[in-house]
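Trainee: Below you will find the structure I want to go over with you.
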Amino acid sequence: MSVRKHSVSGPPMTKLQMITYSNTPVIATSHVKLYDPALVSLAVSTFKELWKYMNNELKIIDDLFIQNLVKHGLQNEDFRDELYCQLMRQTTNTPSQDALVRGWELLMFCAACFSPSKALNKYLMSYLKKHSNQEVVGKHAKTCLRHLRVARIAGRTMAPSNTEITALKAFGPMVCRIKFLDDMTKAVDVQSYDCAETVLKSLAEKIGLQSTDGWALYERVGIQERFMKSREYLVDIISKWESGQQKSHGEFLVKKRLFRHPKDMPQDPVEYSLLYAQAVHSAVTLDEFGVNNTTAIQLAGLQAQVLLGEYEERKPERYAFVTCYLPQRIIQASPKHDWSHELAEAHREYGSGKPSLVAKVWYLTCVKQFPLYGSTLFPVLYKGSWGHNSALCLAVHVEGVMFLDKDSKEIWYTYRYEDFASIMLVPGEESINFELKSEAADIQKSFTFVTADKEDVSALIASYSPAHASWLRIGRNVSRKFLRTKDKERLQEDVIKCRQALVESGILRKPNYAEGGSTFMSTLRKFKKGGTTKLKDEDEAKIFKAYRADYWSFSKVPIHASLSVMQDETLPHKLFSSILAYSGLLKSGGFSAADDTELIQSMVRECLENEELRNEFFLQLIKQTTDHPEPNNKVNVASWQLMAIASSVFTPPDKLITSYLQAHLRKCVTDHATEEGQHAYFCQKCLGRIGDLKRKWPPSSREITATTQKHKVSASVHFASGLSQTFEFSSAANFGDITELVKEKIGMDSKTKGYCLYGYLGTQEHSLPNTENTGDNLYRCEKLAKANKLPFEAKYNFKKHIFMQPFINTDDPLDEELVYQQLLGNLKDGLIPINYQEAVQVCARLAQAEWGDVFVDKKSFGPIVEKAMPAGLRSKLKGEDLLVEHKTLFRVEAESAKHQILCFLQRWPLWCATIFEVKQTYSSNLPKTLWLAVSAAGIHLLKPAHKESLHVLTYDEIVNYSPSNKQLLIVVGDVAKGQKFIFNTLQASQIAHLIKDYCAAIRMSRKRQREEKKGFNARSNKAKSILFKQAPLLVT
């Protein structure tokens, strides 16, 4: 406990006074040592409200105060011990019996929701045992003991509901009703510590269910059902209903979730009845199997035998509730049909004469033959465009995953779990991505679906195929190898050696200490099981004579001088104050910022501009993450988050500080069970990726969010086909690395070249140089979007950038498909000139590729015209002409139709060029508005929407090119006396980068030719052209 006083200026309190009831509601500080000033203030205000509650002086409702009090403990793990200390103090020598009971009730509510720390647990348990035999509060103490003795694998998330508060005050359980799919219910006693798994076992004992394997509890609110994880508390769900987070109270439902052997027949009659009820629910209510009319009638006859018993003549009223027997889909298809009569006939033909159990066996045997039996269906939305409806169902089965039509339940694709290379939950999105292995990918390699049930889908896949549950292993890759005391001492000695090297090098500023003081060993955190750190006396005397323990270890107050030798003392002081401010230890000081993100960016920005400050920053961060008394404390976690951000942006310029940092991380990573160990592991990975990277800009808010959560940065990549996929990458990677990653993930041939990523600056698309750092680009785009008050989304387009012979890799069908889709996009944007007759031919072939030989009328071509034609041509196309041309393509395969479109578009020599619209005023021989087309052949100048080139500038002729913000200068012939072309465009930098890339590709191609043809001299008299010069420095 912290040393406390009666008041700020008063004398210290005695130990007895600190643990005895206080007659006043005012305390000077917290009872336990809290490192967060906000928690200290919360402790003071909570004690005041607690005192008023116990003395019945609060103006708010008692239940509301109880919920707020417990909520503080649930939300702040460090605050739990403080709550227990306050309650134990106020229930010791309490003058009023009513106040005593109210205090012990609060202890019960806290014990029902969370446990104390290990340090306080023994004292608290002794306190409860001491009072367990007392007449007034004995029941309260025993209730607390019962709750605290239950091992909590998962913590509570909600404060107790009014129902739970009432039950705890009465020292009894809550009564919950569990519903079955046959509309039967069963009442079960539920304690505050009972989770879904415990309640399910209790329910199984009541109904005689022999095994709960595969069965689960579900939460149903309205028509929405949600699977409850085994460690989820029922009282939390009830509290969520009462708190108003749901529109209405729900109910608990029992269902079979895991069908590990769906074709096997259970021997337990209770389980058989439950499976039958679930099969009826799936076939009729949910219509999950998509049965036809004949099968549905046969199943309805068996179901009628179970519900109604033997068939009786001339009583059609028994079958009046048709929806109990047939899916709505079948009934709505024939609303005037006499279904009651048909159900009666089905009952007589298929159900009559069979005992109820036999009818259930026949029903279940029939249903088990459906391919979707044993699957759990989730409605999803496909992210992209393909040949099916975007809205579909995802069926998760014991053997794999199926994609099927949402209405008809027609199965489109079936994949086994071993066919998937990875299954990934998209960070920050309600999406899940399935990536197939190359040998299993027939149509495409990657599928991304948007679903609100992402958590349920992932949990079910993890149950069937744990090997694919990659999201469960996030942050768990820390080495769990057991380290002996000797190994831990060796790691500590490595840290000591690094400190000694720093002291001897003169990098560190010598602190100004008064004589005497504590030694280094006094603040070291001891190893578990009695292990201690051994230091040689002579080394300790040599290193720590001038540098005491507080120089190296955590401090919650600002430093007075820099840790390293620096001339400017202002920046180091501001930097350390900013670290304290981010950790919540300082309210003012440091760099001015509106929020934590701006504060981090300010710190990193200053370090990027000053090498000495980078060294100082790492020394300060190592200090703040050394020997913190509570490794999981959020103050310590905040310091580690800053360490992770710094390690992902730059490394210490000084090698000795780098060695010190690495030794510090190696030592901390051994505590793999703590947040400290996991952050240290993540920092090691960040340092390993950064290499010789030199960042120009601080991290973006997206990068900061990902790094502080120990994740890589994620961004969505869009393809010309309409498909999009989310990729994770290190902020140290450049766009060339990501391009190769995308090619690998989508299954593109490694020999296919010429692709790059396109991003957005504002609303304008631009190509991203392969050498540009992703972290810098994210920051620049985010900053520009914020300045223009535009929304920013990290998304990129994957497109063909360089078209060199061969233009298309014919051995790679994916390359051909993407080029085809990209050309259709260019055609739609009006970047490929096309006349009326050509447009009719393209649209007809596109309709054949997508529809086949399906008969259509002239009004049906609207979507096709919208998809491929430029805006100025859409209204001019006549449906009659399109219909006539489409009929000439009868029996032409889809791939052949696509190939014809591709060949047709390639007739224009500049089909592979990148078109830019520019303006010029330097020459009267050229129009003021031009198309500037950059291709492998050179730079072509054309009239907009015309195919003929007005002027061609080959790369051998161009001797210089120079972009500015709004102009592009190209010089032909001679630098001094040659012809100059000046174009006005906002895309000058993009054009220059593209010219640079083409020149590099041509040089590489000619180099290969020289190697193949010895003696070939490509230079001749063109040595002055840009092909044989170093590219100008281009600013991105």
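Just remember, in the structure tokens the first chain shown is A, the second B, etc., residues are 1-based per chain, and ligands are 1-based in the order shown.
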Name all residues at most 6 Å from stretch 672-687 of chain A (count only C-alpha atoms; drop same-chain ones fewer than 4 positions away) and give them as a compact mmCIF listing (two decimals) with all heavy atoms, in the first residue's frame.
Mentor:
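Writing done, so here's part00.txt:
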# COMPACT_ATOMS: atom_id res chain seq x y z
N VAL A 478 5.69 -15.63 -29.85
CA VAL A 478 6.82 -15.42 -28.95
C VAL A 478 7.36 -16.77 -28.51
O VAL A 478 6.59 -17.69 -28.21
CB VAL A 478 6.38 -14.59 -27.73
CG1 VAL A 478 7.57 -14.28 -26.85
CG2 VAL A 478 5.72 -13.30 -28.18
N PRO A 631 4.45 -5.37 -15.40
CA PRO A 631 4.67 -5.49 -16.85
C PRO A 631 3.41 -5.31 -17.69
O PRO A 631 3.50 -4.88 -18.84
CB PRO A 631 5.21 -6.92 -17.00
CG PRO A 631 5.73 -7.29 -15.66
CD PRO A 631 4.89 -6.56 -14.67
N ASN A 632 2.23 -5.63 -17.14
CA ASN A 632 0.99 -5.50 -17.90
C ASN A 632 0.28 -4.18 -17.66
O ASN A 632 -0.81 -3.97 -18.18
CB ASN A 632 0.04 -6.66 -17.55
CG ASN A 632 0.50 -7.97 -18.17
OD1 ASN A 632 1.08 -7.99 -19.24
ND2 ASN A 632 0.24 -9.06 -17.48
N ALA A 644 7.68 0.25 -30.18
CA ALA A 644 7.34 -0.44 -31.42
C ALA A 644 7.27 0.53 -32.60
O ALA A 644 7.75 0.22 -33.70
CB ALA A 644 6.01 -1.17 -31.25
N SER A 647 10.80 1.59 -33.50
CA SER A 647 11.54 0.49 -34.13
C SER A 647 11.07 0.22 -35.55
O SER A 647 11.80 -0.40 -36.34
CB SER A 647 11.39 -0.79 -33.29
OG SER A 647 11.87 -0.59 -31.99
N SER A 648 9.85 0.64 -35.89
CA SER A 648 9.34 0.41 -37.24
C SER A 648 9.65 1.57 -38.19
O SER A 648 9.40 1.45 -39.39
CB SER A 648 7.83 0.19 -37.19
OG SER A 648 7.16 1.34 -36.73
N LEU A 665 15.79 -5.99 -25.66
CA LEU A 665 14.65 -6.73 -26.22
C LEU A 665 14.80 -8.23 -25.98
O LEU A 665 13.81 -8.92 -25.68
CB LEU A 665 14.52 -6.44 -27.72
CG LEU A 665 14.18 -4.99 -28.11
CD1 LEU A 665 14.12 -4.84 -29.61
CD2 LEU A 665 12.85 -4.56 -27.49
N CYS A 668 13.75 -8.87 -22.41
CA CYS A 668 12.32 -8.68 -22.12
C CYS A 668 11.44 -9.70 -22.82
O CYS A 668 10.35 -10.02 -22.34
CB CYS A 668 11.89 -7.27 -22.53
SG CYS A 668 12.65 -5.97 -21.54
Trainee: Out of stretch 232-480 of chain A, which residues get strand (DSSP E) from DSSP, as a PyMOL selection string?
Mentor: chain A and resi 251-256+376-382+391-396+400-405+411-416+420-425+431-436+446-450
Trainee: Which polymer residues have any atom within 12 Å of an atom of A:Glu310, counting only C-alpha atoms, with same-chain residues fewer than 5 positions away left out, as a list in words?
Mentor: Gly301, Leu302, Gln303, Ala304, Gln305, Lys315, Arg318, Ala344, His347, Arg348, Glu349, Tyr350, Gly351, Ser352, Gly353, Lys354, Pro355, Ser356 and Ala359 of chain A
Trainee: Please produce an output containing N, CA, C and O atoms for each residue in the selection, written as a compact mmCIF listing (two decimals), in the first residue's frame.
Mentor:
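File produced: part13.txt:
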# COMPACT_ATOMS: atom_id res chain seq x y z
N GLY A 301 -44.93 -35.31 -44.85
CA GLY A 301 -45.73 -36.46 -44.44
C GLY A 301 -45.15 -37.14 -43.22
O GLY A 301 -45.89 -37.53 -42.30
N LEU A 302 -43.81 -37.29 -43.18
CA LEU A 302 -43.16 -37.89 -42.02
C LEU A 302 -43.29 -36.98 -40.80
O LEU A 302 -43.50 -37.44 -39.67
N GLN A 303 -43.15 -35.69 -41.02
CA GLN A 303 -43.25 -34.74 -39.92
C GLN A 303 -44.66 -34.73 -39.33
O GLN A 303 -44.84 -34.64 -38.11
N ALA A 304 -45.68 -34.85 -40.20
CA ALA A 304 -47.07 -34.88 -39.72
C ALA A 304 -47.32 -36.12 -38.86
O ALA A 304 -48.07 -36.05 -37.87
N GLN A 305 -46.69 -37.24 -39.21
CA GLN A 305 -46.85 -38.44 -38.41
C GLN A 305 -46.29 -38.25 -36.99
O GLN A 305 -46.85 -38.73 -36.01
N LYS A 315 -60.09 -34.94 -42.48
CA LYS A 315 -59.82 -33.90 -41.48
C LYS A 315 -58.69 -32.99 -41.97
O LYS A 315 -57.60 -32.96 -41.42
N ARG A 318 -56.56 -30.36 -39.81
CA ARG A 318 -55.37 -30.71 -39.02
C ARG A 318 -54.10 -30.16 -39.67
O ARG A 318 -53.06 -30.03 -39.02
N ALA A 344 -52.26 -33.75 -46.33
CA ALA A 344 -53.02 -34.90 -45.81
C ALA A 344 -52.69 -36.17 -46.60
O ALA A 344 -52.49 -37.26 -46.02
N HIS A 347 -49.27 -37.34 -45.61
CA HIS A 347 -49.32 -37.99 -44.29
C HIS A 347 -49.81 -39.44 -44.44
O HIS A 347 -49.24 -40.36 -43.85
N ARG A 348 -50.85 -39.63 -45.25
CA ARG A 348 -51.39 -40.98 -45.44
C ARG A 348 -50.41 -41.90 -46.15
O ARG A 348 -50.23 -43.06 -45.79
N GLU A 349 -49.70 -41.33 -47.18
CA GLU A 349 -48.84 -42.18 -48.00
C GLU A 349 -47.48 -42.45 -47.37
O GLU A 349 -46.97 -43.58 -47.43
N TYR A 350 -46.87 -41.43 -46.75
CA TYR A 350 -45.49 -41.57 -46.29
C TYR A 350 -45.36 -41.74 -44.77
O TYR A 350 -44.34 -42.24 -44.30
N GLY A 351 -46.37 -41.31 -44.00
CA GLY A 351 -46.22 -41.35 -42.55
C GLY A 351 -47.08 -42.37 -41.85
O GLY A 351 -46.73 -42.87 -40.79
N SER A 352 -48.21 -42.70 -42.45
CA SER A 352 -49.18 -43.56 -41.78
C SER A 352 -48.59 -44.93 -41.44
O SER A 352 -47.87 -45.54 -42.27
N GLY A 353 -48.87 -45.38 -40.21
CA GLY A 353 -48.43 -46.71 -39.78
C GLY A 353 -47.05 -46.75 -39.16
O GLY A 353 -46.62 -47.81 -38.70
N LYS A 354 -46.35 -45.63 -39.15
CA LYS A 354 -44.99 -45.61 -38.59
C LYS A 354 -45.04 -45.05 -37.17
O LYS A 354 -45.64 -44.00 -36.93
N PRO A 355 -44.37 -45.71 -36.22
CA PRO A 355 -44.25 -45.12 -34.88
C PRO A 355 -43.48 -43.80 -34.95
O PRO A 355 -42.73 -43.55 -35.91
N SER A 356 -43.66 -42.98 -33.95
CA SER A 356 -43.03 -41.65 -33.95
C SER A 356 -41.52 -41.73 -34.11
O SER A 356 -40.93 -40.99 -34.90
N ALA A 359 -40.60 -42.65 -37.68
CA ALA A 359 -40.79 -41.51 -38.58
C ALA A 359 -39.63 -40.52 -38.46
O ALA A 359 -39.16 -39.97 -39.45
Trainee: For a test of reading the model, state the distance in Å between atom CA of A:Ile238 and atom CA of A:Asn162, rounded to one decimal.
Mentor: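 Rounded to one decimal, the two atoms are 9.5 Å apart.
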Trainee: Any idea what's packed within 9 Å of stretch 927-943 of chain A, counting only C-alpha atoms, ignoring anything in its chain fewer than 2 positions away? Could you give it as a ChimeraX atom specification?
Mentor: /A:802-805,910,912-925,945-956,991,994-995,998-999,1001-1002
Trainee: Please produce an output containing N, CA, C and O atoms for each residue in the selection, written as a compact mmCIF listing (two decimals), in the first residue's frame.
Mentor:
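The file below, out39.txt, is the result:
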# COMPACT_ATOMS: atom_id res chain seq x y z
N ILE A 802 3.87 -1.24 -67.48
CA ILE A 802 4.83 -1.24 -68.58
C ILE A 802 4.46 -2.35 -69.56
O ILE A 802 4.37 -3.51 -69.18
N PHE A 803 4.22 -1.96 -70.82
CA PHE A 803 3.91 -2.93 -71.87
C PHE A 803 5.13 -3.06 -72.78
O PHE A 803 5.39 -2.22 -73.62
N MET A 804 5.90 -4.12 -72.56
CA MET A 804 7.06 -4.42 -73.40
C MET A 804 6.83 -5.80 -74.03
O MET A 804 6.10 -6.64 -73.50
N GLN A 805 7.46 -6.04 -75.16
CA GLN A 805 7.31 -7.34 -75.81
C GLN A 805 7.88 -8.44 -74.92
O GLN A 805 8.99 -8.30 -74.42
N LEU A 910 -1.54 1.97 -80.38
CA LEU A 910 -1.29 2.55 -79.06
C LEU A 910 -2.22 1.99 -77.97
O LEU A 910 -2.44 2.62 -76.94
N CYS A 912 -1.58 -0.21 -75.94
CA CYS A 912 -0.81 -0.49 -74.74
C CYS A 912 -0.21 0.77 -74.12
O CYS A 912 0.55 0.68 -73.14
N ALA A 913 -0.51 1.93 -74.69
CA ALA A 913 0.06 3.18 -74.18
C ALA A 913 -0.76 3.69 -73.00
O ALA A 913 -1.94 3.40 -72.86
N THR A 914 -0.10 4.49 -72.16
CA THR A 914 -0.78 5.18 -71.07
C THR A 914 -1.09 6.60 -71.53
O THR A 914 -0.17 7.33 -71.94
N ILE A 915 -2.37 6.97 -71.49
CA ILE A 915 -2.81 8.23 -72.08
C ILE A 915 -2.94 9.30 -70.99
O ILE A 915 -3.51 9.07 -69.92
N PHE A 916 -2.39 10.48 -71.28
CA PHE A 916 -2.54 11.65 -70.41
C PHE A 916 -3.08 12.81 -71.24
O PHE A 916 -2.64 13.03 -72.37
N GLU A 917 -4.01 13.55 -70.68
CA GLU A 917 -4.52 14.72 -71.37
C GLU A 917 -3.72 15.94 -70.92
O GLU A 917 -3.66 16.23 -69.72
N VAL A 918 -3.09 16.64 -71.89
CA VAL A 918 -2.23 17.78 -71.57
C VAL A 918 -2.63 18.97 -72.42
O VAL A 918 -3.41 18.85 -73.37
N LYS A 919 -2.08 20.12 -72.09
CA LYS A 919 -2.31 21.34 -72.87
C LYS A 919 -0.96 21.94 -73.25
O LYS A 919 0.03 21.76 -72.54
N GLN A 920 -0.94 22.64 -74.38
CA GLN A 920 0.30 23.29 -74.81
C GLN A 920 -0.03 24.59 -75.52
O GLN A 920 -1.08 24.73 -76.13
N THR A 921 0.88 25.55 -75.41
CA THR A 921 0.70 26.84 -76.08
C THR A 921 1.97 27.27 -76.82
O THR A 921 2.01 28.35 -77.40
N TYR A 922 3.00 26.41 -76.82
CA TYR A 922 4.28 26.81 -77.40
C TYR A 922 4.29 26.69 -78.92
O TYR A 922 5.10 27.30 -79.60
N SER A 923 3.39 25.88 -79.51
CA SER A 923 3.43 25.63 -80.96
C SER A 923 2.04 25.81 -81.54
O SER A 923 1.06 25.29 -81.01
N SER A 924 1.98 26.53 -82.67
CA SER A 924 0.70 26.71 -83.37
C SER A 924 0.40 25.54 -84.28
O SER A 924 -0.71 25.42 -84.82
N ASN A 925 1.39 24.64 -84.49
CA ASN A 925 1.18 23.49 -85.36
C ASN A 925 0.45 22.35 -84.65
O ASN A 925 0.06 21.37 -85.29
N ALA A 945 -9.26 11.60 -78.55
CA ALA A 945 -10.22 10.65 -79.13
C ALA A 945 -9.93 10.36 -80.60
O ALA A 945 -10.82 9.92 -81.34
N HIS A 946 -8.68 10.57 -81.06
CA HIS A 946 -8.26 10.22 -82.41
C HIS A 946 -7.16 9.15 -82.35
O HIS A 946 -6.38 9.11 -81.40
N LYS A 947 -7.10 8.33 -83.40
CA LYS A 947 -6.14 7.22 -83.40
C LYS A 947 -4.81 7.59 -84.05
O LYS A 947 -3.79 6.97 -83.77
N GLU A 948 -4.79 8.60 -84.93
CA GLU A 948 -3.57 8.93 -85.67
C GLU A 948 -2.66 9.83 -84.83
O GLU A 948 -3.12 10.81 -84.23
N SER A 949 -1.36 9.53 -84.83
CA SER A 949 -0.37 10.33 -84.10
C SER A 949 0.00 11.56 -84.90
O SER A 949 0.26 11.48 -86.11
N LEU A 950 0.06 12.72 -84.25
CA LEU A 950 0.50 13.95 -84.89
C LEU A 950 2.01 14.08 -84.85
O LEU A 950 2.62 14.64 -85.76
N HIS A 951 2.61 13.59 -83.80
CA HIS A 951 4.06 13.69 -83.63
C HIS A 951 4.52 12.55 -82.73
O HIS A 951 3.84 12.19 -81.78
N VAL A 952 5.71 11.97 -83.05
CA VAL A 952 6.25 10.87 -82.26
C VAL A 952 7.65 11.25 -81.79
O VAL A 952 8.50 11.66 -82.61
N LEU A 953 7.91 11.14 -80.51
CA LEU A 953 9.22 11.41 -79.93
C LEU A 953 9.77 10.08 -79.42
O LEU A 953 9.27 9.54 -78.43
N THR A 954 10.77 9.55 -80.09
CA THR A 954 11.36 8.29 -79.64
C THR A 954 12.34 8.55 -78.50
O THR A 954 12.86 9.67 -78.35
N TYR A 955 12.58 7.51 -77.70
CA TYR A 955 13.48 7.67 -76.56
C TYR A 955 14.92 7.91 -77.00
O TYR A 955 15.71 8.53 -76.27
N ASP A 956 15.28 7.45 -78.19
CA ASP A 956 16.63 7.72 -78.71
C ASP A 956 16.82 9.18 -79.08
O ASP A 956 17.95 9.69 -79.10
N ILE A 991 4.04 11.36 -65.59
CA ILE A 991 4.57 11.12 -66.94
C ILE A 991 6.07 10.89 -66.88
O ILE A 991 6.61 9.98 -67.53
N LEU A 994 6.90 7.47 -65.58
CA LEU A 994 6.62 6.45 -66.58
C LEU A 994 7.71 6.42 -67.65
O LEU A 994 8.13 5.34 -68.08
N ILE A 995 8.16 7.59 -68.08
CA ILE A 995 9.27 7.66 -69.05
C ILE A 995 10.51 7.00 -68.46
O ILE A 995 11.22 6.23 -69.13
N TYR A 998 10.10 3.18 -68.52
CA TYR A 998 10.25 2.63 -69.87
C TYR A 998 11.72 2.64 -70.31
O TYR A 998 12.21 1.69 -70.93
N CYS A 999 12.43 3.71 -69.99
CA CYS A 999 13.85 3.77 -70.35
C CYS A 999 14.64 2.67 -69.66
O CYS A 999 15.51 2.04 -70.27
N ALA A 1001 13.45 -0.20 -68.68
CA ALA A 1001 13.07 -1.48 -69.29
C ALA A 1001 13.74 -1.66 -70.64
O ALA A 1001 14.20 -2.76 -70.99
N ILE A 1002 13.83 -0.58 -71.43
CA ILE A 1002 14.47 -0.67 -72.75
C ILE A 1002 15.96 -0.94 -72.59
O ILE A 1002 16.56 -1.73 -73.34
Trainee: Quick one: residues within 7 Å of stretch 710-726 of chain A, only C-alpha atoms, excluding same-chain residues fewer than 2 positions away - as JSON, numbers by chain?
Mentor: {"A": [383, 384, 385, 426, 448, 679, 682, 703, 706, 707, 708, 728, 729, 730, 731, 794, 795, 796, 797, 798, 818, 821, 822]}
Trainee: At what distance in Å, to one decimal, does atom CA of A:Pro25 lie from atom CA of A:Phe109?
Mentor: 21.2 Å
Trainee: Based on the backbone DSSP call, show me all residues of stretch 67-171 of chain A assigned helix (DSSP H, G or I), as a ChimeraX atom specification.
Mentor: /A:67-75,77-90,97-113,118-131,138-148,162-169
Trainee: Quick one: residues within 7 Å of stretch 54-62 of chain A, only C-alpha atoms counted, chain neighbours fewer than 2 positions away excluded, as a PyMOL selection string?
Mentor: chain A and resi 50-52+64-66+99+102-103
Trainee: Do you have, as JSON lines, the list of residues of stretch 359-425 of chain A lying at most 12 Å from stretch 737-747 of chain A, each with its nearest atom pair and that distance in Å to one decimal, counting only C-alpha atoms and ordered by chain then number?
Mentor:
{"residue": "A:Phe420", "atom": "CA", "partner": "A:Lys745", "partner_atom": "CA", "distance": 11.9}
{"residue": "A:Ala421", "atom": "CA", "partner": "A:Lys745", "partner_atom": "CA", "distance": 9.5}
{"residue": "A:Ser422", "atom": "CA", "partner": "A:Lys745", "partner_atom": "CA", "distance": 10.0}
Trainee: Given the selection you just returned, output its residues as a file containing N, CA and C atoms, formatted as a PDB file, in the first residue's frame.
Mentor:
ATOM      1  N   PHE A 420      -7.019 -24.801 -49.088  1.00  0.00           N
ATOM      2  CA  PHE A 420      -6.773 -23.397 -48.761  1.00  0.00           C
ATOM      3  C   PHE A 420      -5.337 -23.201 -48.293  1.00  0.00           C
ATOM      4  N   ALA A 421      -4.676 -22.213 -48.888  1.00  0.00           N
ATOM      5  CA  ALA A 421      -3.341 -21.834 -48.413  1.00  0.00           C
ATOM      6  C   ALA A 421      -3.459 -21.026 -47.125  1.00  0.00           C
ATOM      7  N   SER A 422      -4.500 -20.201 -47.032  1.00  0.00           N
ATOM      8  CA  SER A 422      -4.706 -19.410 -45.815  1.00  0.00           C
ATOM      9  C   SER A 422      -6.148 -18.937 -45.762  1.00  0.00           C
TER      10      SER A 422
END
Trainee: Counting only C-alpha atoms, what is within 8 Å of A:Tyr464, bar same-chain residues fewer than 2 positions away, as a VMD selection string?
Mentor: chain A and resid 258 260 397 to 399 460 to 462 466
Trainee: Just the number, please: distance in Å from atom CA of A:Val503 to atom CA of A:Ser553, one decimal.
Mentor: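 Going from atom CA of A:Val503 over to atom CA of A:Ser553 covers 15.6 Å.
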Trainee: Nearest residue to A:Val40 out of A:Gly250, A:Gly208, A:Gly584, A:Gly222, using only C-alpha atoms?
Mentor: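 Of A:Gly250, A:Gly208, A:Gly584, A:Gly222, the one nearest A:Val40 is A:Gly584, counting only C-alpha atoms.
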